[in-house]
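Source file: input.cif; contents: mmCIF, C-alpha atoms.
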data_input
loop_
_atom_site.label_atom_id
_atom_site.label_comp_id
_atom_site.auth_asym_id
_atom_site.auth_seq_id
_atom_site.Cartn_x
_atom_site.Cartn_y
_atom_site.Cartn_z
CA MET Z 1 26.43 51.95 18.14
CA THR Z 2 24.71 53.24 21.27
CA ILE Z 3 25.22 51.35 24.51
CA ASP Z 4 23.07 51.81 27.61
CA LEU Z 5 25.41 51.03 30.49
CA ASP Z 6 22.52 50.64 32.90
CA THR Z 7 21.24 47.63 30.96
CA LEU Z 8 24.53 45.76 30.86
CA SER Z 9 25.21 43.02 33.37
CA PRO Z 10 28.74 42.58 34.76
CA ALA Z 11 29.10 39.55 32.49
CA ALA Z 12 28.10 41.60 29.45
CA VAL Z 13 30.60 44.31 30.33
CA ALA Z 14 33.33 41.69 30.74
CA ALA Z 15 32.41 40.13 27.38
CA ARG Z 16 32.70 43.47 25.61
CA LEU Z 17 36.02 44.23 27.25
CA ALA Z 18 37.28 40.83 26.11
CA GLY Z 19 35.91 41.33 22.61
CA SER Z 20 37.22 43.13 19.57
CA PRO Z 21 38.98 46.51 19.80
CA GLU Z 22 35.83 48.05 18.32
CA GLU Z 23 33.64 46.53 21.04
CA ARG Z 24 35.98 47.78 23.77
CA ALA Z 25 36.08 51.25 22.26
CA ALA Z 26 32.27 51.40 22.04
CA LEU Z 27 31.95 50.41 25.70
CA VAL Z 28 34.55 52.92 26.85
CA ARG Z 29 32.88 55.63 24.77
CA ALA Z 30 29.58 54.90 26.50
CA GLY Z 31 31.27 55.37 29.85
CA ALA Z 32 32.89 58.58 28.64
CA GLU Z 33 29.58 59.96 27.43
CA ALA Z 34 28.05 59.02 30.78
CA GLY Z 35 30.56 61.33 32.43
CA LEU Z 36 33.03 58.83 33.91
CA ALA Z 37 36.42 60.55 34.10
CA GLU Z 38 38.43 57.33 33.78
CA ALA Z 39 36.48 56.32 30.68
CA GLN Z 40 36.96 59.81 29.22
CA ALA Z 41 40.72 59.56 29.74
CA VAL Z 42 40.90 56.05 28.28
CA TYR Z 43 38.69 56.92 25.32
CA GLY Z 44 40.89 59.94 24.63
CA GLN Z 45 43.89 57.64 24.46
CA MET Z 46 42.02 55.26 22.16
CA LEU Z 47 41.23 58.16 19.82
CA LEU Z 48 44.83 59.31 19.94
CA ASP Z 49 46.13 55.82 19.13
CA GLY Z 50 43.37 54.77 16.72
CA ALA Z 51 42.65 51.74 18.94
CA GLY Z 52 39.27 50.29 17.98
CA VAL Z 53 38.21 53.63 16.55
CA ALA Z 54 39.46 55.95 13.82
CA ALA Z 55 42.32 58.11 15.05
CA ASP Z 56 41.10 61.60 15.87
CA PRO Z 57 43.62 63.72 17.82
CA ARG Z 58 41.26 66.70 18.05
CA ALA Z 59 38.52 64.58 19.62
CA ALA Z 60 41.11 62.96 21.89
CA PHE Z 61 42.16 66.40 23.10
CA GLY Z 62 38.55 67.19 23.90
CA TRP Z 63 38.05 64.05 25.97
CA PHE Z 64 41.30 64.57 27.85
CA ASN Z 65 40.09 68.04 28.75
CA LYS Z 66 36.75 66.71 29.98
CA ALA Z 67 38.50 64.19 32.23
CA ALA Z 68 41.04 66.75 33.43
CA ALA Z 69 38.16 69.05 34.41
CA GLN Z 70 37.12 66.23 36.77
CA HIS Z 71 40.62 66.23 38.31
CA HIS Z 72 41.84 63.12 36.46
CA VAL Z 73 45.58 63.61 36.81
CA MET Z 74 46.74 61.43 33.90
CA ALA Z 75 44.25 63.17 31.63
CA LEU Z 76 45.73 66.53 32.68
CA ASN Z 77 49.17 65.19 31.82
CA MET Z 78 47.83 64.13 28.42
CA VAL Z 79 46.38 67.60 27.84
CA GLY Z 80 49.95 68.74 28.39
CA ARG Z 81 51.25 66.20 25.90
CA CYS Z 82 48.74 67.43 23.32
CA TYR Z 83 49.88 71.01 23.79
CA ASP Z 84 53.51 69.89 23.80
CA LEU Z 85 53.36 67.92 20.57
CA GLY Z 86 50.49 69.59 18.75
CA TRP Z 87 48.15 66.61 18.98
CA GLY Z 88 44.67 67.89 18.12
CA THR Z 89 45.53 71.47 19.02
CA ALA Z 90 48.06 74.15 18.22
CA PRO Z 91 51.38 73.55 20.02
CA ASP Z 92 51.78 75.67 23.14
CA LYS Z 93 54.85 74.80 25.21
CA ALA Z 94 53.92 77.15 28.04
CA LYS Z 95 50.47 75.55 28.48
CA ALA Z 96 52.08 72.10 28.26
CA ALA Z 97 54.55 72.94 31.03
CA GLU Z 98 51.77 74.31 33.22
CA CYS Z 99 49.72 71.12 32.81
CA TYR Z 100 52.76 69.05 33.67
CA ARG Z 101 53.53 71.22 36.70
CA ILE Z 102 50.05 70.84 38.16
CA ALA Z 103 49.89 67.09 37.51
CA ALA Z 104 53.40 66.63 38.93
CA GLY Z 105 52.35 68.44 42.07
CA GLN Z 106 49.52 65.95 42.41
CA GLY Z 107 51.98 63.07 42.48
CA LEU Z 108 51.96 61.68 38.92
CA ASP Z 109 55.41 60.36 38.04
CA TRP Z 110 54.92 60.79 34.28
CA ALA Z 111 54.03 64.44 34.79
CA MET Z 112 57.12 64.83 36.98
CA TYR Z 113 59.23 63.46 34.14
CA ASN Z 114 57.56 65.67 31.55
CA TYR Z 115 57.79 68.80 33.70
CA ALA Z 116 61.43 68.04 34.48
CA THR Z 117 62.13 67.76 30.75
CA SER Z 118 60.53 71.16 30.20
CA LEU Z 119 62.63 72.66 32.99
CA ALA Z 120 65.85 71.04 31.82
CA LEU Z 121 65.41 72.34 28.27
CA GLY Z 122 63.76 75.65 29.09
CA ASP Z 123 60.86 74.47 26.96
CA GLY Z 124 57.82 76.64 27.70
CA VAL Z 125 59.23 77.61 31.09
CA ALA Z 126 62.44 79.19 32.37
CA GLU Z 127 65.33 76.74 32.31
CA ASP Z 128 66.08 75.37 35.78
CA LYS Z 129 68.19 72.23 35.71
CA ALA Z 130 68.39 72.00 39.51
CA ALA Z 131 64.60 71.95 39.80
CA ALA Z 132 64.46 69.48 36.89
CA LEU Z 133 66.78 67.10 38.71
CA GLY Z 134 64.64 67.34 41.82
CA TRP Z 135 61.52 66.29 39.92
CA LEU Z 136 63.40 63.53 38.11
CA GLU Z 137 64.66 62.11 41.38
CA LYS Z 138 61.11 62.08 42.74
CA ALA Z 139 59.85 60.22 39.67
CA ALA Z 140 62.85 57.88 39.74
CA GLY Z 141 62.06 57.08 43.36
CA MET Z 142 58.63 55.94 42.15
CA GLY Z 143 60.30 53.57 39.68
CA ASN Z 144 59.84 55.62 36.51
CA ALA Z 145 62.49 54.18 34.18
CA LYS Z 146 62.66 57.21 31.90
CA ALA Z 147 63.31 59.45 34.88
CA ILE Z 148 65.99 57.07 36.14
CA ASN Z 149 67.72 57.28 32.76
CA PHE Z 150 67.53 61.08 32.75
CA VAL Z 151 69.08 61.24 36.23
CA GLY Z 152 71.91 59.17 34.78
CA SER Z 153 72.36 61.74 32.03
CA PHE Z 154 72.66 64.53 34.60
CA HIS Z 155 75.52 62.65 36.26
CA GLU Z 156 77.21 61.77 32.98
CA ASP Z 157 77.05 65.35 31.70
CA GLY Z 158 77.73 67.02 35.04
CA TRP Z 159 74.55 69.08 35.02
CA VAL Z 160 74.18 70.75 38.47
CA VAL Z 161 76.03 67.79 40.01
CA ALA Z 162 79.63 66.64 39.84
CA ARG Z 163 80.26 64.41 36.84
CA ASP Z 164 80.23 60.80 38.04
CA MET Z 165 80.28 58.03 35.46
CA GLU Z 166 79.78 55.31 38.05
CA ILE Z 167 76.51 56.83 39.22
CA ALA Z 168 75.49 57.43 35.60
CA ALA Z 169 76.21 53.81 34.65
CA ASP Z 170 74.22 52.53 37.62
CA HIS Z 171 71.20 54.62 36.63
CA TYR Z 172 71.43 53.53 33.00
CA ALA Z 173 71.50 49.88 34.05
CA ARG Z 174 68.45 50.37 36.26
CA ALA Z 175 66.59 52.24 33.51
CA ALA Z 176 67.41 49.48 31.03
CA GLU Z 177 66.12 46.81 33.39
CA GLY Z 178 63.00 48.94 33.84
CA GLY Z 179 62.27 48.82 30.11
CA ASP Z 180 63.35 52.29 28.93
CA PHE Z 181 64.87 52.07 25.46
CA ARG Z 182 67.07 55.13 25.99
CA GLY Z 183 68.30 53.58 29.20
CA ALA Z 184 69.02 50.33 27.35
CA PHE Z 185 71.04 52.22 24.74
CA ASN Z 186 72.99 54.14 27.35
CA HIS Z 187 73.61 50.95 29.30
CA ALA Z 188 74.90 49.32 26.12
CA ARG Z 189 77.23 52.29 25.56
CA MET Z 190 78.68 51.92 29.04
CA LEU Z 191 79.10 48.16 28.64
CA GLY Z 192 80.82 48.56 25.28
CA GLU Z 193 83.23 51.14 26.62
CA ALA Z 194 84.03 48.76 29.48
CA GLY Z 195 84.91 46.02 26.96
CA ARG Z 196 81.80 43.95 27.65
CA THR Z 197 80.78 43.81 24.00
CA ASP Z 198 78.62 40.69 24.07
CA GLU Z 199 76.45 42.09 26.86
CA ALA Z 200 76.26 45.42 25.04
CA LEU Z 201 75.04 43.76 21.84
CA GLY Z 202 72.29 42.00 23.76
CA TRP Z 203 71.03 45.30 25.14
CA LEU Z 204 71.24 46.95 21.71
CA GLY Z 205 68.91 44.28 20.41
CA ARG Z 206 66.44 45.12 23.17
CA VAL Z 207 66.61 48.83 22.31
CA GLY Z 208 65.09 48.10 18.93
CA GLU Z 209 62.10 46.30 20.44
CA THR Z 210 60.48 49.47 21.79
CA ALA Z 211 62.41 52.47 20.43
CA THR Z 212 60.89 54.93 17.98
CA PRO Z 213 62.11 54.80 14.37
CA ALA Z 214 63.70 58.24 14.81
CA PHE Z 215 65.67 57.03 17.83
CA ILE Z 216 66.76 53.88 15.98
CA ASP Z 217 68.17 55.98 13.14
CA LYS Z 218 69.97 58.32 15.53
CA ALA Z 219 71.38 55.44 17.58
CA ALA Z 220 72.51 53.59 14.44
CA ALA Z 221 74.39 56.69 13.26
CA TRP Z 222 76.11 56.97 16.65
CA LEU Z 223 77.10 53.30 16.60
CA ALA Z 224 78.40 53.53 13.04
CA ALA Z 225 80.77 56.31 14.09
CA SER Z 226 81.80 54.70 17.39
CA ASP Z 227 85.36 53.65 18.23
CA VAL Z 228 84.09 50.75 20.34
CA PRO Z 229 85.09 47.50 18.60
CA GLY Z 230 82.07 45.81 17.06
CA PHE Z 231 79.67 48.72 17.47
CA PRO Z 232 79.86 50.01 13.85
CA THR Z 233 79.12 46.53 12.51
CA ASP Z 234 77.57 44.05 14.97
CA GLY Z 235 76.10 46.86 17.06
CA VAL Z 236 74.15 48.38 14.18
CA THR Z 237 73.02 44.92 13.10
CA ALA Z 238 71.77 44.07 16.60
CA LEU Z 239 69.94 47.37 16.86
CA ARG Z 240 68.24 47.01 13.49
CA ARG Z 241 67.38 43.35 14.05
CA GLY Z 242 65.66 44.18 17.32
CA ALA Z 243 63.49 46.74 15.55
CA ARG Z 244 61.89 44.16 13.25
#
Rewrite the coordinates I just gave you, this time as structure tokens.
Amino acid sequence: MTIDLDTLSPAAVAARLAGSPEERAALVRAGAEAGLAEAQAVYGQMLLDGAGVAADPRAAFGWFNKAAAQHHVMALNMVGRCYDLGWGTAPDKAKAAECYRIAAGQGLDWAMYNYATSLALGDGVAEDKAAALGWLEKAAGMGNAKAINFVGSFHEDGWVVARDMEIAADHYARAAEGGDFRGAFNHARMLGEAGRTDEALGWLGRVGETATPAFIDKAAAWLAASDVPGFPTDGVTALRRGAR
């Protein structure tokens, strides 16, 4: 379906955006084909997710690149994600890290988080945990819940900072409140170890609402082997129930 944007009234645009996923995708595609960077970035995500259009990671990668060429920072971050995870292109960790680095330098918190992860793991770039923490703290200061959780992990594990469980627990609680499922799981761990089992079970249920299946399985295995009373039984049940 071809759409001429110049012929659409504001009301017609609003109607299409409020319509079916297919109608929204067709409208966004028209904007992308007209050269609008934001539409190119959004259409790339639609193609990646299969939202209103058949999933096509290779085409998504192409649209992200078109938007990134117009200095769309989130699109550049998504080009990095494609290289990182092999979405629509061959995996290339070095190219992924470079995309993240540039987008992070332009102030995008998600790119800061992704670049910090690359630095912390030495994934496509030389390992530098101190630099990783710096980027994570910048992203955390912008309210990025995943970054807040990762800062907590640095303090729990004693990476380039003194080990401090109180600081770690505070970051996990903030990440959980911010909606990060890893933060919610870590917060639940801290609560359980402090004897606050009922609160921990509530957070475990919330983990399952947004966590990936792979994370659910890993978390369930950890809970099943835990010495915290209730975690091997009620904890696993809460986690699995939340995932439904």
Mind telling me what the PyMOL selection byres ((chain Z and resi 242) around 8) catches here, as number ranges by chain?
Z: 204-209, 238-241, 243-244
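Compared by their closest atoms to Trp222 (chain Z), and using only C-alpha atoms, the residues Z:Val236, Z:Ala103, Z:Ala111, Z:Val79 rank with Z:Val236 nearest.
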Determine the residue membership of the PyMOL selection byres ((chain Z and resi 175) around 8) for the file above and supply it as number ranges by chain.
Z: 145-146, 148-149, 171-174, 176-180, 183-184
Test item: axis-aligned box, all listed atoms of region 32-51 of chain Z, 8 Å on each side, centre and edges in Å rounded to one decimal, as JSON:
{"center_x": 37.1, "center_y": 56.5, "center_z": 25.4, "size_x": 34.1, "size_y": 25.6, "size_z": 33.4}
Considering all atoms listed in the file, can you say which of Z:Glu166, Z:Asp56, Z:Asp157, Z:Glu22 comes closest to His187 (chain Z)?
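The answer is Z:Glu166, which sits nearest to His187 (chain Z).
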For the atom pair CA of Val151 (chain Z) and CA of Leu133 (chain Z), what is the interatomic distance in Å to one decimal place?
6.8 Å
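Picture a line from CA of Ala55 (chain Z) to CA of Trp87 (chain Z); it runs 11.0 Å.
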At a cut-off of 6 Å, using only C-alpha atoms, what residues contact Ala60 (chain Z)? Leave out same-chain residues fewer than 5 positions from it and give the result as a compact mmCIF listing (two decimals) with C-alpha atoms, in the coordinates of the input.
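Listed below is the output, result03.txt:
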# COMPACT_ATOMS: atom_id res chain seq x y z
CA GLY Z 44 40.89 59.94 24.63
CA LEU Z 47 41.23 58.16 19.82
CA LEU Z 48 44.83 59.31 19.94
Counting all atoms listed in the file, what is within 12 Å of region 118-127 of chain Z, bar same-chain residues fewer than 6 positions away, as a PyMOL selection string?
chain Z and resi 80-81+83-85+91-101+111-112+133-136+150-151+153-154+159-160
Which residue, Z:Gly86, Z:Gly31, Z:Pro232, Z:Pro21, has the smallest gap to Ala54 (chain Z) when you use all atoms listed in the file?
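Among the listed residues, the smallest separation from Ala54 (chain Z) belongs to Z:Pro21.
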Quick one: distance from CA of Lys66 (chain Z) to CA of Ala132 (chain Z) in Å, one decimal?
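Computing it gives 28.7 Å between the two atoms.
Nearest-residue note for Asp49 (chain Z): choosing from Z:Ala25, Z:Ala67, Z:Ala211, Z:Ala32, the minimum distance belongs to Z:Ala25, counting all atoms listed in the file.
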